[in-house]
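Chemist: Structure file input.pdb (PDB, C-alpha atoms) is given on the next line.
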```pdb
ATOM      1  CA  MET F  20       1.087  14.836 -26.327
ATOM      2  CA  HIS F  21       2.291  14.654 -22.732
ATOM      3  CA  SER F  22       0.900  17.213 -20.362
ATOM      4  CA  PRO F  23       2.389  17.718 -16.889
ATOM      5  CA  ALA F  24      -1.104  18.576 -15.643
ATOM      6  CA  ASP F  25      -2.368  15.201 -16.867
ATOM      7  CA  SER F  26       0.382  13.445 -14.900
ATOM      8  CA  VAL F  27      -0.543  15.415 -11.786
ATOM      9  CA  VAL F  28      -4.211  14.459 -12.160
ATOM     10  CA  ARG F  29      -3.332  10.792 -12.653
ATOM     11  CA  SER F  30      -1.015  10.888  -9.646
ATOM     12  CA  GLY F  31      -3.823  12.486  -7.638
ATOM     13  CA  LYS F  32      -6.169   9.651  -8.589
ATOM     14  CA  SER F  33      -3.588   7.155  -7.411
ATOM     15  CA  LEU F  34      -3.165   9.143  -4.199
ATOM     16  CA  ALA F  35      -6.915   8.952  -3.581
ATOM     17  CA  VAL F  36      -6.781   5.147  -3.874
ATOM     18  CA  HIS F  37      -3.819   5.020  -1.483
ATOM     19  CA  ILE F  38      -5.618   7.239   1.037
ATOM     20  CA  VAL F  39      -8.622   4.900   1.008
ATOM     21  CA  PHE F  40      -6.314   1.972   1.753
ATOM     22  CA  ALA F  41      -4.576   3.952   4.500
ATOM     23  CA  LEU F  42      -7.942   4.599   6.146
ATOM     24  CA  LEU F  43      -8.929   0.935   5.882
ATOM     25  CA  LEU F  44      -5.635  -0.230   7.377
ATOM     26  CA  TYR F  45      -5.884   2.381  10.140
ATOM     27  CA  ALA F  46      -9.363   1.118  10.990
ATOM     28  CA  LEU F  47      -8.088  -2.461  11.129
ATOM     29  CA  ALA F  48      -5.178  -1.532  13.396
ATOM     30  CA  SER F  49      -7.450   0.515  15.645
ATOM     31  CA  LEU F  50      -9.949  -2.311  15.881
ATOM     32  CA  LEU F  51      -7.386  -4.976  16.707
ATOM     33  CA  LEU F  52      -5.150  -2.942  18.995
ATOM     34  CA  SER F  53      -7.637  -1.235  21.272
ATOM     35  CA  HIS F  54      -8.764  -4.187  23.401
ATOM     36  CA  PHE F  55      -7.040  -5.822  26.346
ATOM     37  CA  ASP F  56      -7.869  -9.245  24.900
ATOM     38  CA  THR F  57      -5.616  -8.727  21.874
ATOM     39  CA  ALA F  58      -2.481  -8.461  24.016
ATOM     40  CA  SER F  59      -0.310 -11.541  24.294
ATOM     41  CA  GLU F  60      -0.687 -13.833  27.286
ATOM     42  CA  ALA F  61       2.713 -12.761  28.623
ATOM     43  CA  MET F  62       1.754  -9.071  28.470
ATOM     44  CA  ARG F  63      -1.561  -9.677  30.232
ATOM     45  CA  GLU F  64       0.127 -11.636  33.020
ATOM     46  CA  GLN F  65       3.065  -9.273  33.449
ATOM     47  CA  TYR F  66       1.336  -5.870  33.387
ATOM     48  CA  GLU F  67      -1.855  -4.311  34.652
ATOM     49  CA  GLU F  68      -4.676  -3.523  32.242
ATOM     50  CA  THR F  69      -3.890   0.200  31.910
ATOM     51  CA  GLU F  70      -0.243  -0.544  31.164
ATOM     52  CA  VAL F  71      -1.215  -3.170  28.597
ATOM     53  CA  LEU F  72      -3.527  -0.677  26.883
ATOM     54  CA  GLN F  73      -0.665   1.844  26.758
ATOM     55  CA  LEU F  74       1.632  -0.765  25.228
ATOM     56  CA  LEU F  75      -1.063  -1.625  22.689
ATOM     57  CA  ALA F  76      -1.409   2.071  21.817
ATOM     58  CA  GLY F  77       2.335   2.202  21.179
ATOM     59  CA  ALA F  78       2.107  -0.901  19.019
ATOM     60  CA  ARG F  79      -0.801   0.654  17.103
ATOM     61  CA  ALA F  80       1.244   3.808  16.464
ATOM     62  CA  THR F  81       4.136   1.684  15.185
ATOM     63  CA  ILE F  82       1.918  -0.408  12.896
ATOM     64  CA  VAL F  83       0.052   2.623  11.545
ATOM     65  CA  GLY F  84       3.373   4.397  10.938
ATOM     66  CA  TRP F  85       4.501   1.407   8.900
ATOM     67  CA  TYR F  86       1.252   1.408   6.923
ATOM     68  CA  VAL F  87       1.549   5.106   6.123
ATOM     69  CA  ALA F  88       5.218   4.878   5.112
ATOM     70  CA  ALA F  89       4.626   1.787   2.940
ATOM     71  CA  LEU F  90       1.627   3.369   1.215
ATOM     72  CA  ALA F  91       3.532   6.628   0.658
ATOM     73  CA  ILE F  92       6.318   4.737  -1.091
ATOM     74  CA  SER F  93       3.750   2.743  -3.072
ATOM     75  CA  TRP F  94       2.139   5.991  -4.187
ATOM     76  CA  LEU F  95       5.503   7.444  -5.212
ATOM     77  CA  CYS F  96       6.271   4.299  -7.212
ATOM     78  CA  SER F  97       2.848   4.462  -8.863
ATOM     79  CA  THR F  98       3.478   8.102  -9.730
ATOM     80  CA  VAL F  99       6.788   7.183 -11.389
ATOM     81  CA  PHE F 100       4.972   4.562 -13.445
ATOM     82  CA  LEU F 101       2.105   6.915 -14.359
ATOM     83  CA  VAL F 102       4.464   9.687 -15.468
ATOM     84  CA  THR F 103       6.521   7.207 -17.497
ATOM     85  CA  ALA F 104       3.379   5.764 -19.077
ATOM     86  CA  ASN F 105       2.069   9.247 -19.811
ATOM     87  CA  LEU F 106       5.323  10.059 -21.626
ATOM     88  CA  LYS F 107       4.928   6.919 -23.783
ATOM     89  CA  ARG F 108       1.257   7.548 -24.548
ATOM     90  CA  PRO F 109       1.783   9.468 -27.833
ATOM     91  CA  HIS F 110       3.743   6.510 -29.223
ATOM     92  CA  VAL F 111       1.167   3.834 -28.382
ATOM     93  CA  ARG F 112      -0.694   2.524 -31.417
ATOM     94  CA  SER F 113      -1.714  -0.949 -30.231
ATOM     95  CA  LYS F 114      -2.031  -3.174 -27.173
ATOM     96  CA  SER F 115       1.415  -4.594 -27.833
ATOM     97  CA  ASP F 116       2.839  -1.063 -27.768
ATOM     98  CA  ALA F 117       1.032  -0.453 -24.492
ATOM     99  CA  ARG F 118       2.433  -3.654 -22.976
ATOM    100  CA  LYS F 119       5.951  -2.314 -23.526
ATOM    101  CA  ALA F 120       5.430  -0.146 -20.430
ATOM    102  CA  MET F 121       4.750  -3.234 -18.279
ATOM    103  CA  PRO F 122       8.424  -3.700 -17.263
ATOM    104  CA  VAL F 123       8.307  -0.252 -15.657
ATOM    105  CA  TRP F 124       5.140  -1.261 -13.789
ATOM    106  CA  ILE F 125       6.773  -4.504 -12.607
ATOM    107  CA  ALA F 126       9.930  -2.688 -11.503
ATOM    108  CA  MET F 127       7.959  -0.114  -9.524
ATOM    109  CA  PHE F 128       5.800  -2.857  -7.981
ATOM    110  CA  VAL F 129       8.905  -4.739  -6.853
ATOM    111  CA  VAL F 130      10.399  -1.536  -5.415
ATOM    112  CA  ALA F 131       7.178  -0.870  -3.477
ATOM    113  CA  ILE F 132       7.034  -4.406  -2.042
ATOM    114  CA  VAL F 133      10.745  -4.506  -1.174
ATOM    115  CA  ALA F 134      10.445  -1.109   0.513
ATOM    116  CA  THR F 135       7.401  -2.364   2.439
ATOM    117  CA  ALA F 136       9.384  -5.382   3.637
ATOM    118  CA  PHE F 137      12.349  -3.225   4.628
ATOM    119  CA  LEU F 138      10.122  -0.798   6.503
ATOM    120  CA  TRP F 139       8.393  -3.683   8.287
ATOM    121  CA  TRP F 140      11.738  -5.017   9.423
ATOM    122  CA  ARG F 141      12.991  -1.567  10.437
ATOM    123  CA  GLN F 142       9.873  -0.134  12.058
ATOM    124  CA  VAL F 143       7.857  -3.100  13.294
ATOM    125  CA  SER F 144      10.124  -6.109  13.720
ATOM    126  CA  LEU F 145      12.964  -4.299  15.482
ATOM    127  CA  ALA F 146      10.438  -2.512  17.718
ATOM    128  CA  GLY F 147       9.310  -5.854  19.152
ATOM    129  CA  VAL F 148       5.630  -5.369  18.350
ATOM    130  CA  ALA F 149       5.172  -9.143  18.023
ATOM    131  CA  SER F 150       5.773  -9.654  21.727
ATOM    132  CA  THR F 151       2.905  -7.286  22.528
ATOM    133  CA  LEU F 152       0.211  -8.993  20.448
ATOM    134  CA  LEU F 153      -1.375 -12.362  20.008
ATOM    135  CA  ASP F 154       0.288 -14.226  17.143
ATOM    136  CA  ASP F 155      -2.866 -14.312  15.003
ATOM    137  CA  ASP F 156      -3.427 -10.559  15.315
ATOM    138  CA  TYR F 157       0.205  -9.787  14.540
ATOM    139  CA  LEU F 158       0.086 -12.027  11.478
ATOM    140  CA  LEU F 159      -3.178 -10.431  10.343
ATOM    141  CA  LEU F 160      -1.794  -6.889  10.707
ATOM    142  CA  ALA F 161       1.425  -7.756   8.854
ATOM    143  CA  THR F 162      -0.413  -9.550   6.052
ATOM    144  CA  ALA F 163      -2.886  -6.671   5.720
ATOM    145  CA  GLY F 164       0.028  -4.261   5.330
ATOM    146  CA  TYR F 165       1.621  -6.218   2.503
ATOM    147  CA  VAL F 166      -1.623  -7.071   0.718
ATOM    148  CA  GLY F 167      -2.977  -3.544   1.206
ATOM    149  CA  THR F 168       0.172  -1.991  -0.255
ATOM    150  CA  ALA F 169       0.145  -4.345  -3.248
ATOM    151  CA  LEU F 170      -3.567  -3.784  -3.920
ATOM    152  CA  ALA F 171      -3.241  -0.012  -3.522
ATOM    153  CA  PHE F 172      -0.415   0.025  -6.069
ATOM    154  CA  TRP F 173      -2.302  -2.158  -8.522
ATOM    155  CA  LEU F 174      -5.609  -0.295  -8.181
ATOM    156  CA  GLY F 175      -3.917   3.106  -8.094
ATOM    157  CA  THR F 176      -2.094   2.452 -11.335
ATOM    158  CA  GLY F 177      -4.865   0.464 -13.019
ATOM    159  CA  LEU F 178      -7.543   3.068 -12.361
ATOM    160  CA  ALA F 179      -5.368   6.105 -13.104
ATOM    161  CA  VAL F 180      -3.420   5.075 -16.195
ATOM    162  CA  ALA F 181      -4.602   6.293 -19.601
ATOM    163  CA  LEU F 182      -6.964   3.899 -21.394
ATOM    164  CA  THR F 183      -4.507   3.335 -24.213
ATOM    165  CA  LEU F 184      -1.905   2.178 -21.675
ATOM    166  CA  LYS F 185      -4.184   0.059 -19.501
ATOM    167  CA  PRO F 186      -2.667  -3.184 -20.913
ATOM    168  CA  SER F 187       0.627  -2.187 -19.235
ATOM    169  CA  VAL F 188      -0.960  -2.881 -15.821
ATOM    170  CA  PRO F 189      -1.428  -6.636 -15.319
ATOM    171  CA  MET F 190      -5.104  -7.699 -15.463
ATOM    172  CA  ALA F 191      -6.321  -4.093 -15.413
ATOM    173  CA  SER F 192      -7.969  -4.306 -18.830
ATOM    174  CA  THR F 193     -10.150  -7.217 -17.797
ATOM    175  CA  ALA F 194     -10.642  -6.698 -14.056
ATOM    176  CA  LEU F 195     -10.954  -2.929 -13.621
ATOM    177  CA  PRO F 196     -13.646  -0.618 -14.947
ATOM    178  CA  GLU F 197     -12.819   2.280 -17.221
ATOM    179  CA  ILE F 198     -14.654   4.836 -15.102
ATOM    180  CA  TRP F 199     -11.662   6.806 -13.885
ATOM    181  CA  ASN F 200      -9.149   6.512 -16.692
TER
END
```
Could you rewrite the structure in this file as structure tokens?
Modeler:
Amino acid sequence: MHSPADSVVRSGKSLAVHIVFALLLYALASLLLSHFDTASEAMREQYEETEVLQLLAGARATIVGWYVAALAISWLCSTVFLVTANLKRPHVRSKSDARKAMPVWIAMFVVAIVATAFLWWRQVSLAGVASTLLDDDYLLLATAGYVGTALAFWLGTGLAVALTLKPSVPMASTALPEIWN
């Protein structure tokens, strides 16, 4: 039987995973965007060191804002999946029944990634953050945002979904422990 409290607990577990990823991404952005050496050559030649550090702080705020927004949407999508899976749980009798919830997982994953890409374009690309940073650092921060969001969604759903519905999350049955389900 479906319990709203169970859905809230599962959503909270997914939120905890997303918060861990937010902290990791914040640490990465802080590490890469707090040194004069990470600014692009043009920025270092055009501005003084204090101005460059201020521009880097603005870039860090923009990147971290994107991370937080992307992870918030990922968490909301994982919550939609977890509630949907929790509603199907009484009807699951086998692994094949559990896999019937996988299209919902895939749809929510796609929504999370598309939203992450849209937010990157809207918040980071249009803000001109790339001109502030070295190309390698910019690429690393962007890649970390996409990979971090995807991993947070996968781990958040795989660790929080009910054991009977774990086959509905790709590779969760084989790759993730059953400690939190």
Chemist: So how many Å separate CA of Ile125 in chain F and CA of Met190 in chain F, to one decimal?
Modeler: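 Going from CA of Ile125 in chain F over to CA of Met190 in chain F, I get 12.6 Å.
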Chemist: Quick one: apply the PyMOL selection byres ((chain F and resi 139) around 10) to the file and drop the selected residues here as a list in words.
Modeler: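 On the file shown, the PyMOL selection byres ((chain F and resi 139) around 10) covers Thr81, Ile82, Gly84, Trp85, Tyr86, Ala88, Ala89, Val133, Ala134, Thr135, Ala136, Phe137, Leu138, Trp140, Arg141, Gln142, Val143, Ser144, Leu145, Ala146, Ala161, Gly164 and Tyr165 of chain F.
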Chemist: At a cut-off of 10 Å around the point (-8.8, 2.4, -2.7) (file coordinates), what residues fall inside when counting only C-alpha atoms? I'd like the answer as a list in words.
Modeler: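 Returned residue set, sorted by chain then number, is Lys32, Ser33, Leu34, Ala35, Val36, His37, Ile38, Val39, Phe40, Ala41, Leu42, Leu43, Gly167, Leu170, Ala171, Phe172, Trp173, Leu174, Gly175 and Leu178 of chain F.
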Chemist: Rank nothing, just name the residue among F:Ala169, F:Ile92, F:Leu152, F:Val102 nearest to His54 in chain F, using all atoms listed in the file.
Modeler: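 Using all atoms listed in the file, the shortest distance to His54 in chain F belongs to F:Leu152.
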Chemist: For CA of Leu74 in chain F and CA of Leu44 in chain F, determine how far apart the two atoms are, in Å to one decimal place.
Modeler: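 Going from CA of Leu74 in chain F over to CA of Leu44 in chain F covers 19.3 Å.
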Chemist: At a cut-off of 7 Å, using all atoms listed in the file, what residues contact Ala76 in chain F? Leave out same-chain residues fewer than 4 positions from it and give the result as a ChimeraX atom specification.
Modeler: /F:52,72,80
Chemist: Name the residues captured by the PyMOL selection byres ((chain F and resi 29-31) around 12) when it is applied to the shown file; answer as JSON, numbers by chain.
Modeler: {"F": [22, 23, 24, 25, 26, 27, 28, 32, 33, 34, 35, 36, 37, 38, 93, 94, 95, 96, 97, 98, 99, 100, 101, 102, 103, 104, 105, 172, 175, 176, 177, 178, 179, 180, 181, 182, 199, 200]}
Chemist: State, in Å with one decimal place, the distance from CA of Leu160 in chain F to CA of Glu67 in chain F.
Modeler: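 Interatomic distance here is 24.1 Å.
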Chemist: Compare F:Ser192, F:Ala126, F:Thr151, F:Ile198 by their minimum atom-to-atom distance to Thr57 in chain F, counting all atoms listed in the file, and give me the closest one.
Modeler: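 Nearest to Thr57 in chain F: F:Thr151.
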Chemist: Could you tell me which of F:Met62, F:Leu184, F:Val130, F:Ala163 comes closest to Ala48 in chain F if we count all atoms listed in the file?
Modeler: F:Ala163
Chemist: On this structure, which residues satisfy the PyMOL selection byres ((chain F and resi 121) around 10), written as a list of chain:residue names?
Modeler: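 With the shown file as input, the PyMOL selection byres ((chain F and resi 121) around 10) matches F:Phe100, F:Ala104, F:Asp116, F:Ala117, F:Arg118, F:Lys119, F:Ala120, F:Pro122, F:Val123, F:Trp124, F:Ile125, F:Ala126, F:Met127, F:Leu184, F:Lys185, F:Pro186, F:Ser187, F:Val188, F:Pro189.
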Chemist: Which residue gives the smallest distance to Ala78 in chain F among F:Thr183, F:Gln65, F:Asp56, F:Tyr157, with all atoms listed in the file counted?
Modeler: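 Using all atoms listed in the file, the shortest distance to Ala78 in chain F belongs to F:Tyr157.
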